[in-house]
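In what follows, a single structure is set out as structure tokens and then discussed.
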Amino acid sequence: MHSNVFIIWLFLSIYAVATIMFCFLVSVLYSKAKLASACGGIIYFLSYVPYMYVAIREEVAHDKITAFEKCIASLMSTTAFGLGSKYFALYEVAGVGIQWRTLSQSPVEGDDFNLMLSMMMLVIDAVVYGILTWYIEAVHPGMYGLPRPWYFPLQKSYWLGSGRIETWEWSWPWSRPARLSIMEEDQACAMESRRMEETRGIEEEPATYR
């Protein structure tokens, strides 16, 4: 009620982006949609456990949790969201609400963590989830992809391209279509050979039913 509307929108938007990147990360860990949806929900709720641990230590045991420890726990996006929501609640109870002047402050005495750090950790989480998704997808692309070596980010050819790839030339729609690059031809050949292996031993459909 008392908080700045734009800050609320910004906080929820950053959390939504981090959640989407988290879903992308879970999706590359599983090859079947049903298994991914079931395990993804479990992993999502388990990622909230660090916040429960921090909250119990602060509110029940009255221990002081440093900002560094909270940042480590906030590598789970749900934990960062829980900590940020806690600061919203504390400022709302005080009747002040989150404002731009209180964004980097904590209403709890001796607490060096704040909502701004929580939002920064959500941004970092989104970036980390995206990088992990990109790497795992490249190394383990699934059944129909060509896996790259685990050290592929260190390869110069990945970032600058290899000499085997031909350059594309502009052509009009009525001219001869551009040729595929050698790398794309290799991928097409690999896909065709895999398809032939999968269909080997299958009887051809009778001509009367075609």
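Just so we're on the same page: first chain in the structure tokens is A, next is B, and so on; residues restart at 1 for each chain, and ligands are numbered from 1 in the order they show up.
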
Can you pull out the residues contacting stretch 120-133 of chain A? Cut-off 7 Å, using only C-alpha atoms, and skip same-chain residues under 4 positions away; I want them as a list of chain:residue names.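 Returned residues: A:Ile14, A:Tyr15, A:Val17, A:Ala18, A:Met21, A:Phe22, A:Phe24, A:Leu25, A:Val28, A:Cys71, A:Ser74, A:Leu75, A:Ser77, A:Ala80, A:Met116, A:Glu137.
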
Which residues are near A:Arg148? Cut-off 8 Å, only C-alpha atoms, ignore same chain within fewer than 2 positions. Put them as a VMD selection string. chain A and resid 138 to 140 146 150 152

The selected residues should be written to file as a tab-separated table (two decimals), in the first residue's frame (atoms: C-alpha atoms).
chain	number	residue	atom	x	y	z
A	138	ALA	CA	25.62	-27.31	-26.46
A	139	VAL	CA	27.37	-30.20	-24.68
A	140	HIS	CA	24.26	-32.43	-24.35
A	146	LEU	CA	25.55	-32.82	-32.46
A	150	TRP	CA	33.08	-29.71	-22.95
A	152	PHE	CA	34.09	-25.60	-26.64

Residue neighbourhood A:Cys39, 10 Å, only C-alpha atoms, exclusion window fewer than 5 positions, as a VMD selection string: chain A and resid 26 to 27 29 to 30 33 to 34 44

Dump of all heavy atoms for the selected residues, as an mmCIF file, in the first residue's frame:
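Just written: again-v5.cif:
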data_model
loop_
_atom_site.group_PDB
_atom_site.id
_atom_site.type_symbol
_atom_site.label_atom_id
_atom_site.label_comp_id
_atom_site.auth_asym_id
_atom_site.auth_seq_id
_atom_site.Cartn_x
_atom_site.Cartn_y
_atom_site.Cartn_z
ATOM 1 N N VAL A 26 16.015 -26.053 -16.362
ATOM 2 C CA VAL A 26 15.440 -27.358 -16.040
ATOM 3 C C VAL A 26 15.100 -28.125 -17.314
ATOM 4 O O VAL A 26 15.264 -29.349 -17.378
ATOM 5 C CB VAL A 26 14.188 -27.176 -15.153
ATOM 6 C CG1 VAL A 26 13.472 -28.510 -14.948
ATOM 7 C CG2 VAL A 26 14.580 -26.603 -13.797
ATOM 8 N N SER A 27 14.671 -27.406 -18.352
ATOM 9 C CA SER A 27 14.243 -28.083 -19.579
ATOM 10 C C SER A 27 15.385 -28.793 -20.288
ATOM 11 O O SER A 27 15.155 -29.794 -20.967
ATOM 12 C CB SER A 27 13.601 -27.068 -20.528
ATOM 13 O OG SER A 27 14.563 -26.137 -20.999
ATOM 14 N N LEU A 29 17.827 -30.301 -18.815
ATOM 15 C CA LEU A 29 18.306 -31.415 -18.009
ATOM 16 C C LEU A 29 17.534 -32.697 -18.272
ATOM 17 O O LEU A 29 17.982 -33.778 -17.882
ATOM 18 C CB LEU A 29 18.210 -31.061 -16.514
ATOM 19 C CG LEU A 29 19.028 -29.849 -16.048
ATOM 20 C CD1 LEU A 29 18.783 -29.602 -14.564
ATOM 21 C CD2 LEU A 29 20.512 -30.063 -16.313
ATOM 22 N N TYR A 30 16.388 -32.578 -18.926
ATOM 23 C CA TYR A 30 15.537 -33.748 -19.154
ATOM 24 C C TYR A 30 15.153 -33.801 -20.626
ATOM 25 O O TYR A 30 14.999 -32.776 -21.282
ATOM 26 C CB TYR A 30 14.268 -33.671 -18.291
ATOM 27 C CG TYR A 30 14.546 -33.628 -16.809
ATOM 28 C CD1 TYR A 30 14.655 -32.406 -16.151
ATOM 29 C CD2 TYR A 30 14.715 -34.789 -16.074
ATOM 30 C CE1 TYR A 30 14.917 -32.358 -14.789
ATOM 31 C CE2 TYR A 30 14.975 -34.744 -14.722
ATOM 32 C CZ TYR A 30 15.078 -33.529 -14.091
ATOM 33 O OH TYR A 30 15.339 -33.479 -12.746
ATOM 34 N N ALA A 33 9.159 -34.420 -21.654
ATOM 35 C CA ALA A 33 8.418 -33.274 -21.123
ATOM 36 C C ALA A 33 7.736 -33.603 -19.800
ATOM 37 O O ALA A 33 7.733 -32.782 -18.874
ATOM 38 C CB ALA A 33 7.384 -32.805 -22.149
ATOM 39 N N LYS A 34 7.151 -34.782 -19.683
ATOM 40 C CA LYS A 34 6.439 -35.141 -18.455
ATOM 41 C C LYS A 34 7.398 -35.224 -17.277
ATOM 42 O O LYS A 34 7.100 -34.756 -16.175
ATOM 43 C CB LYS A 34 5.706 -36.466 -18.643
ATOM 44 C CG LYS A 34 4.533 -36.394 -19.609
ATOM 45 C CD LYS A 34 3.804 -37.719 -19.692
ATOM 46 C CE LYS A 34 2.611 -37.634 -20.641
ATOM 47 N NZ LYS A 34 1.890 -38.938 -20.735
ATOM 48 N N TYR A 44 11.905 -26.506 -8.103
ATOM 49 C CA TYR A 44 11.530 -25.117 -7.853
ATOM 50 C C TYR A 44 11.207 -24.896 -6.380
ATOM 51 O O TYR A 44 11.661 -23.923 -5.772
ATOM 52 C CB TYR A 44 10.340 -24.749 -8.735
ATOM 53 C CG TYR A 44 9.860 -23.336 -8.544
ATOM 54 C CD1 TYR A 44 10.506 -22.276 -9.170
ATOM 55 C CD2 TYR A 44 8.755 -23.056 -7.738
ATOM 56 C CE1 TYR A 44 10.066 -20.978 -9.008
ATOM 57 C CE2 TYR A 44 8.310 -21.760 -7.569
ATOM 58 C CZ TYR A 44 8.969 -20.726 -8.201
ATOM 59 O OH TYR A 44 8.540 -19.428 -8.019
#

Within 12 Å of A:Asn4, counting only C-alpha atoms, which residues qualify if same-chain residues fewer than 4 places away don't, as a list in words? Ile8, Trp9, Leu10, Phe11, Phe88, Tyr91, Glu92, Val96, Gly97, Ile98, Gln99, Trp100, Arg101, Thr102 and Leu103 of chain A

Go ahead and save the residues from that selection, with C-alpha atoms, as a PDB file, in the first residue's frame.
ATOM      1  CA  ILE A   8       7.105  -3.273  -7.061  1.00  0.00           C
ATOM      2  CA  TRP A   9       6.727  -3.777 -10.821  1.00  0.00           C
ATOM      3  CA  LEU A  10      10.503  -3.816 -11.332  1.00  0.00           C
ATOM      4  CA  PHE A  11      11.022  -6.361  -8.562  1.00  0.00           C
ATOM      5  CA  PHE A  88       8.672  -5.164   1.476  1.00  0.00           C
ATOM      6  CA  TYR A  91       8.627  -1.460   5.448  1.00  0.00           C
ATOM      7  CA  GLU A  92       4.880  -1.860   4.946  1.00  0.00           C
ATOM      8  CA  VAL A  96       6.777   3.727   5.092  1.00  0.00           C
ATOM      9  CA  GLY A  97       6.904   1.228   2.251  1.00  0.00           C
ATOM     10  CA  ILE A  98       9.760   0.705  -0.157  1.00  0.00           C
ATOM     11  CA  GLN A  99      10.809   4.015  -1.702  1.00  0.00           C
ATOM     12  CA  TRP A 100      13.845   4.966  -3.745  1.00  0.00           C
ATOM     13  CA  ARG A 101      15.504   6.387  -0.645  1.00  0.00           C
ATOM     14  CA  THR A 102      14.968   3.154   1.318  1.00  0.00           C
ATOM     15  CA  LEU A 103      15.829   0.778  -1.519  1.00  0.00           C
TER      16      LEU A 103
END

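Of the residues listed (A:Leu154, A:Pro147, A:Met119, A:Arg57), A:Met119 shows the shortest atom-to-atom separation from A:Ala16; distances use only C-alpha atoms.
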
Can you work out the spacing between atom CA of A:Tyr158 and atom CA of A:Tyr135 in Å, to one decimal? 12.5 Å

From the options A:Gly84, A:Pro153, A:Gly41, A:Gly95, which residue's atoms come nearest to A:Ile7, counting only C-alpha atoms?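 Counting only C-alpha atoms, the residue closest to A:Ile7 is A:Gly84.
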
Hey, what does DSSP flag as alpha helix (DSSP H) within stretch 34-190 of chain A? Can you give it to me as a compact mmCIF listing (two decimals) with N, CA, C and O atoms, in the first residue's frame?
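Below is the file result_14.txt, written as the result:
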# COMPACT_ATOMS: atom_id res chain seq x y z
N LYS A 34 7.15 -34.78 -19.68
CA LYS A 34 6.44 -35.14 -18.46
C LYS A 34 7.40 -35.22 -17.28
O LYS A 34 7.10 -34.76 -16.17
N LEU A 35 8.56 -35.82 -17.50
CA LEU A 35 9.55 -35.93 -16.42
C LEU A 35 10.08 -34.56 -16.04
O LEU A 35 10.29 -34.26 -14.86
N ALA A 36 10.29 -33.70 -17.04
CA ALA A 36 10.79 -32.35 -16.77
C ALA A 36 9.78 -31.53 -15.98
O ALA A 36 10.15 -30.80 -15.05
N SER A 37 8.49 -31.65 -16.32
CA SER A 37 7.47 -30.89 -15.61
C SER A 37 7.33 -31.35 -14.17
O SER A 37 7.13 -30.55 -13.25
N ALA A 38 7.43 -32.67 -13.95
CA ALA A 38 7.30 -33.20 -12.59
C ALA A 38 8.50 -32.82 -11.73
O ALA A 38 8.36 -32.32 -10.61
N CYS A 39 9.70 -33.04 -12.27
CA CYS A 39 10.91 -32.74 -11.50
C CYS A 39 11.14 -31.23 -11.40
O CYS A 39 11.71 -30.76 -10.41
N GLY A 40 10.70 -30.47 -12.41
CA GLY A 40 10.88 -29.03 -12.36
C GLY A 40 10.14 -28.39 -11.20
O GLY A 40 10.67 -27.50 -10.53
N GLY A 41 8.92 -28.85 -10.94
CA GLY A 41 8.17 -28.32 -9.80
C GLY A 41 8.82 -28.65 -8.48
O GLY A 41 8.89 -27.81 -7.57
N ILE A 42 9.35 -29.87 -8.37
CA ILE A 42 10.02 -30.27 -7.13
C ILE A 42 11.29 -29.45 -6.92
O ILE A 42 11.55 -28.95 -5.81
N ILE A 43 12.07 -29.28 -7.98
CA ILE A 43 13.30 -28.49 -7.87
C ILE A 43 12.99 -27.04 -7.52
O ILE A 43 13.69 -26.39 -6.73
N TYR A 44 11.91 -26.51 -8.10
CA TYR A 44 11.53 -25.12 -7.85
C TYR A 44 11.21 -24.90 -6.38
O TYR A 44 11.66 -23.92 -5.77
N PHE A 45 10.44 -25.79 -5.78
CA PHE A 45 10.08 -25.63 -4.38
C PHE A 45 11.26 -25.93 -3.46
O PHE A 45 11.38 -25.33 -2.38
N LEU A 46 12.14 -26.84 -3.85
CA LEU A 46 13.33 -27.12 -3.04
C LEU A 46 14.28 -25.92 -3.03
O LEU A 46 15.02 -25.73 -2.07
N VAL A 49 14.16 -23.67 0.02
CA VAL A 49 14.63 -24.14 1.32
C VAL A 49 15.67 -23.21 1.94
O VAL A 49 15.63 -22.95 3.15
N PRO A 50 16.66 -22.69 1.17
CA PRO A 50 17.63 -21.77 1.79
C PRO A 50 16.99 -20.57 2.47
O PRO A 50 17.47 -20.12 3.52
N TYR A 51 15.90 -20.03 1.90
CA TYR A 51 15.23 -18.91 2.55
C TYR A 51 14.62 -19.34 3.88
O TYR A 51 14.67 -18.58 4.87
N MET A 52 14.03 -20.50 3.92
CA MET A 52 13.45 -21.00 5.18
C MET A 52 14.54 -21.16 6.23
O MET A 52 14.33 -20.83 7.41
N TYR A 53 15.70 -21.64 5.83
CA TYR A 53 16.81 -21.79 6.76
C TYR A 53 17.26 -20.44 7.31
O TYR A 53 17.48 -20.27 8.52
N VAL A 54 17.40 -19.45 6.40
CA VAL A 54 17.82 -18.11 6.83
C VAL A 54 16.76 -17.48 7.73
O VAL A 54 17.09 -16.88 8.77
N ALA A 55 15.49 -17.63 7.41
CA ALA A 55 14.41 -17.04 8.20
C ALA A 55 14.36 -17.66 9.60
O ALA A 55 14.15 -16.96 10.59
N ILE A 56 14.53 -18.97 9.69
CA ILE A 56 14.49 -19.65 11.00
C ILE A 56 15.66 -19.20 11.87
O ILE A 56 15.49 -18.93 13.07
N ARG A 57 16.83 -19.08 11.28
CA ARG A 57 17.99 -18.65 12.05
C ARG A 57 17.84 -17.21 12.55
O ARG A 57 18.27 -16.88 13.66
N GLU A 58 17.23 -16.35 11.74
CA GLU A 58 17.09 -14.95 12.13
C GLU A 58 15.94 -14.73 13.11
O GLU A 58 16.08 -13.98 14.09
N GLU A 59 14.80 -15.37 12.86
CA GLU A 59 13.61 -15.08 13.65
C GLU A 59 13.46 -15.98 14.87
O GLU A 59 12.88 -15.55 15.87
N ALA A 67 25.48 -10.36 4.98
CA ALA A 67 25.01 -10.12 3.61
C ALA A 67 25.65 -11.10 2.64
O ALA A 67 25.01 -11.51 1.65
N PHE A 68 26.90 -11.49 2.89
CA PHE A 68 27.56 -12.46 2.01
C PHE A 68 26.85 -13.80 2.04
O PHE A 68 26.63 -14.42 1.00
N GLU A 69 26.48 -14.25 3.23
CA GLU A 69 25.75 -15.52 3.34
C GLU A 69 24.39 -15.44 2.66
O GLU A 69 23.95 -16.41 2.01
N LYS A 70 23.73 -14.31 2.78
CA LYS A 70 22.43 -14.16 2.11
C LYS A 70 22.60 -14.10 0.59
O LYS A 70 21.73 -14.61 -0.14
N CYS A 71 23.69 -13.53 0.12
CA CYS A 71 23.93 -13.49 -1.32
C CYS A 71 24.19 -14.90 -1.86
O CYS A 71 23.74 -15.24 -2.96
N ILE A 72 24.92 -15.70 -1.09
CA ILE A 72 25.15 -17.09 -1.50
C ILE A 72 23.82 -17.85 -1.55
O ILE A 72 23.54 -18.58 -2.51
N ALA A 73 22.99 -17.66 -0.53
CA ALA A 73 21.68 -18.32 -0.53
C ALA A 73 20.79 -17.79 -1.65
O ALA A 73 19.94 -18.52 -2.18
N SER A 77 16.88 -18.32 -7.06
CA SER A 77 16.05 -17.14 -7.32
C SER A 77 14.87 -17.03 -6.36
O SER A 77 14.46 -15.93 -5.99
N THR A 78 14.30 -18.17 -5.95
CA THR A 78 13.17 -18.12 -5.02
C THR A 78 13.60 -17.60 -3.65
O THR A 78 12.82 -16.92 -2.97
N THR A 79 14.82 -17.92 -3.25
CA THR A 79 15.34 -17.40 -1.98
C THR A 79 15.55 -15.89 -2.06
O THR A 79 15.20 -15.16 -1.12
N ALA A 80 16.11 -15.43 -3.16
CA ALA A 80 16.28 -13.98 -3.34
C ALA A 80 14.92 -13.27 -3.35
O ALA A 80 14.78 -12.18 -2.78
N PHE A 81 13.93 -13.89 -3.97
CA PHE A 81 12.59 -13.30 -3.98
C PHE A 81 11.99 -13.28 -2.57
O PHE A 81 11.35 -12.30 -2.17
N GLY A 82 12.20 -14.36 -1.81
CA GLY A 82 11.68 -14.40 -0.44
C GLY A 82 12.31 -13.34 0.44
O GLY A 82 11.62 -12.68 1.23
N LEU A 83 13.63 -13.15 0.31
CA LEU A 83 14.31 -12.12 1.10
C LEU A 83 13.82 -10.73 0.71
O LEU A 83 13.60 -9.87 1.56
N GLY A 84 13.65 -10.49 -0.59
CA GLY A 84 13.15 -9.19 -1.03
C GLY A 84 11.73 -8.93 -0.55
O GLY A 84 11.41 -7.81 -0.13
N SER A 85 10.90 -9.95 -0.59
CA SER A 85 9.52 -9.79 -0.11
C SER A 85 9.49 -9.50 1.39
O SER A 85 8.60 -8.78 1.88
N LYS A 86 10.47 -10.04 2.10
CA LYS A 86 10.52 -9.78 3.54
C LYS A 86 10.76 -8.30 3.81
O LYS A 86 10.15 -7.71 4.72
N TYR A 87 11.62 -7.66 3.02
CA TYR A 87 11.88 -6.23 3.22
C TYR A 87 10.66 -5.40 2.83
O TYR A 87 10.38 -4.36 3.44
N PHE A 88 9.94 -5.83 1.81
CA PHE A 88 8.67 -5.16 1.48
C PHE A 88 7.73 -5.20 2.68
O PHE A 88 7.11 -4.19 3.04
N ALA A 89 7.61 -6.39 3.29
CA ALA A 89 6.70 -6.55 4.43
C ALA A 89 7.12 -5.70 5.62
O ALA A 89 6.28 -5.07 6.28
N LEU A 90 8.42 -5.65 5.90
CA LEU A 90 8.90 -4.89 7.06
C LEU A 90 8.64 -3.40 6.88
O LEU A 90 8.22 -2.71 7.82
N TYR A 91 8.87 -2.89 5.69
CA TYR A 91 8.63 -1.46 5.45
C TYR A 91 7.14 -1.14 5.41
O TYR A 91 6.72 -0.04 5.79
N GLU A 92 6.33 -2.08 4.95
CA GLU A 92 4.88 -1.86 4.95
C GLU A 92 4.34 -1.83 6.37
O GLU A 92 3.46 -1.02 6.70
N VAL A 93 4.85 -2.71 7.24
CA VAL A 93 4.42 -2.71 8.64
C VAL A 93 4.80 -1.39 9.31
O VAL A 93 4.05 -0.86 10.14
N LEU A 115 16.90 -4.60 -0.13
CA LEU A 115 16.13 -4.98 -1.31
C LEU A 115 16.93 -4.81 -2.59
O LEU A 115 16.79 -5.60 -3.53
N MET A 116 17.79 -3.81 -2.65
CA MET A 116 18.59 -3.62 -3.85
C MET A 116 19.51 -4.80 -4.10
O MET A 116 19.65 -5.27 -5.25
N LEU A 117 20.13 -5.32 -3.05
CA LEU A 117 20.97 -6.51 -3.19
C LEU A 117 20.15 -7.71 -3.62
O LEU A 117 20.61 -8.54 -4.41
N SER A 118 18.94 -7.80 -3.11
CA SER A 118 18.06 -8.90 -3.52
C SER A 118 17.74 -8.82 -5.01
O SER A 118 17.77 -9.84 -5.72
N MET A 119 17.47 -7.62 -5.52
CA MET A 119 17.18 -7.46 -6.94
C MET A 119 18.42 -7.71 -7.79
O MET A 119 18.34 -8.29 -8.89
N MET A 120 19.59 -7.29 -7.30
CA MET A 120 20.82 -7.56 -8.02
C MET A 120 21.09 -9.06 -8.11
O MET A 120 21.54 -9.57 -9.15
N MET A 121 20.81 -9.79 -7.04
CA MET A 121 21.01 -11.24 -7.06
C MET A 121 20.04 -11.92 -8.01
O MET A 121 20.38 -12.93 -8.65
N LEU A 122 18.84 -11.39 -8.16
CA LEU A 122 17.89 -11.94 -9.13
C LEU A 122 18.42 -11.77 -10.55
O LEU A 122 18.28 -12.66 -11.39
N VAL A 123 19.02 -10.62 -10.83
CA VAL A 123 19.61 -10.39 -12.15
C VAL A 123 20.78 -11.36 -12.38
O VAL A 123 20.92 -11.96 -13.45
N ILE A 124 21.63 -11.53 -11.36
CA ILE A 124 22.74 -12.46 -11.47
C ILE A 124 22.23 -13.89 -11.67
O ILE A 124 22.79 -14.66 -12.47
N ASP A 125 21.17 -14.25 -10.96
CA ASP A 125 20.60 -15.59 -11.13
C ASP A 125 20.14 -15.81 -12.56
O ASP A 125 20.39 -16.88 -13.14
N ALA A 126 19.47 -14.82 -13.14
CA ALA A 126 19.00 -14.96 -14.52
C ALA A 126 20.17 -15.16 -15.48
O ALA A 126 20.10 -15.99 -16.39
N VAL A 127 21.25 -14.41 -15.27
CA VAL A 127 22.43 -14.55 -16.14
C VAL A 127 23.07 -15.92 -15.96
O VAL A 127 23.43 -16.59 -16.94
N VAL A 128 23.23 -16.36 -14.71
CA VAL A 128 23.85 -17.66 -14.45
C VAL A 128 23.01 -18.79 -15.02
O VAL A 128 23.54 -19.71 -15.67
N TYR A 129 21.71 -18.74 -14.84
CA TYR A 129 20.83 -19.77 -15.41
C TYR A 129 20.92 -19.79 -16.93
O TYR A 129 20.91 -20.86 -17.55
N GLY A 130 21.00 -18.61 -17.53
CA GLY A 130 21.10 -18.55 -18.99
C GLY A 130 22.41 -19.14 -19.50
O GLY A 130 22.43 -19.86 -20.51
N ILE A 131 23.52 -18.84 -18.82
CA ILE A 131 24.81 -19.39 -19.22
C ILE A 131 24.83 -20.90 -19.07
O ILE A 131 25.33 -21.63 -19.95
N LEU A 132 24.30 -21.41 -17.97
CA LEU A 132 24.25 -22.86 -17.78
C LEU A 132 23.37 -23.53 -18.83
O LEU A 132 23.70 -24.61 -19.33
N THR A 133 22.26 -22.89 -19.18
CA THR A 133 21.39 -23.44 -20.22
C THR A 133 22.12 -23.51 -21.55
O THR A 133 22.06 -24.52 -22.26
N TRP A 134 22.80 -22.43 -21.90
CA TRP A 134 23.56 -22.39 -23.16
C TRP A 134 24.64 -23.47 -23.19
O TRP A 134 24.81 -24.17 -24.20
N TYR A 135 25.37 -23.65 -22.09
CA TYR A 135 26.47 -24.62 -22.06
C TYR A 135 25.95 -26.05 -22.11
O TYR A 135 26.44 -26.88 -22.89
N ILE A 136 24.97 -26.36 -21.27
CA ILE A 136 24.46 -27.74 -21.22
C ILE A 136 23.78 -28.10 -22.54
O ILE A 136 23.92 -29.23 -23.02
N GLU A 137 23.07 -27.16 -23.13
CA GLU A 137 22.41 -27.43 -24.41
C GLU A 137 23.43 -27.73 -25.51
O GLU A 137 23.17 -28.54 -26.41
N ALA A 138 24.59 -27.08 -25.44
CA ALA A 138 25.62 -27.31 -26.46
C ALA A 138 26.35 -28.63 -26.23
O ALA A 138 26.68 -29.34 -27.18
N VAL A 139 26.61 -28.98 -24.98
CA VAL A 139 27.37 -30.20 -24.68
C VAL A 139 26.47 -31.44 -24.77
O VAL A 139 26.89 -32.50 -25.24
N LYS A 156 38.72 -21.20 -30.34
CA LYS A 156 38.67 -19.97 -31.13
C LYS A 156 37.68 -20.11 -32.27
O LYS A 156 37.02 -19.13 -32.65
N SER A 157 37.56 -21.32 -32.81
CA SER A 157 36.66 -21.52 -33.94
C SER A 157 35.20 -21.33 -33.56
O SER A 157 34.38 -21.00 -34.42
N TYR A 158 34.85 -21.53 -32.30
CA TYR A 158 33.46 -21.35 -31.89
C TYR A 158 33.06 -19.88 -31.94
O TYR A 158 31.93 -19.55 -32.32
N TRP A 159 33.95 -19.01 -31.53
CA TRP A 159 33.63 -17.58 -31.46
C TRP A 159 33.89 -16.86 -32.79
O TRP A 159 33.14 -15.95 -33.16
N LEU A 160 34.94 -17.26 -33.50
CA LEU A 160 35.30 -16.56 -34.73
C LEU A 160 34.92 -17.34 -35.98
O LEU A 160 35.03 -16.81 -37.08
N ILE A 182 29.59 -25.93 -45.33
CA ILE A 182 30.11 -27.28 -45.15
C ILE A 182 29.70 -27.84 -43.80
O ILE A 182 29.37 -29.02 -43.67
N MET A 183 29.69 -27.00 -42.77
CA MET A 183 29.29 -27.48 -41.46
C MET A 183 27.82 -27.89 -41.46
O MET A 183 27.43 -28.91 -40.88
N GLU A 184 26.98 -27.10 -42.13
CA GLU A 184 25.56 -27.46 -42.21
C GLU A 184 25.36 -28.73 -43.02
O GLU A 184 24.47 -29.52 -42.73
N GLU A 185 26.20 -28.93 -44.06
CA GLU A 185 26.11 -30.17 -44.83
C GLU A 185 26.49 -31.37 -43.97
O GLU A 185 25.88 -32.44 -44.06
N ASP A 186 27.51 -31.20 -43.14
CA ASP A 186 27.89 -32.27 -42.23
C ASP A 186 26.76 -32.61 -41.27
O ASP A 186 26.48 -33.79 -41.01
N GLN A 187 26.10 -31.59 -40.74
CA GLN A 187 24.99 -31.84 -39.84
C GLN A 187 23.83 -32.52 -40.55
O GLN A 187 23.21 -33.43 -40.02
N ALA A 188 23.56 -32.11 -41.80
CA ALA A 188 22.49 -32.74 -42.56
C ALA A 188 22.80 -34.20 -42.86
O ALA A 188 21.92 -35.06 -42.76
N CYS A 189 24.05 -34.48 -43.19
CA CYS A 189 24.45 -35.87 -43.45
C CYS A 189 24.32 -36.71 -42.20
O CYS A 189 23.89 -37.87 -42.25
N ALA A 190 24.72 -36.14 -41.06
CA ALA A 190 24.62 -36.89 -39.81
C ALA A 190 23.16 -37.17 -39.45
O ALA A 190 22.82 -38.26 -39.00

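When only C-alpha atoms are used to compute distances to A:Asp112, the closest of the residues A:Ala94, A:Ser13, A:Gly145, A:Lys64 turns out to be A:Lys64.
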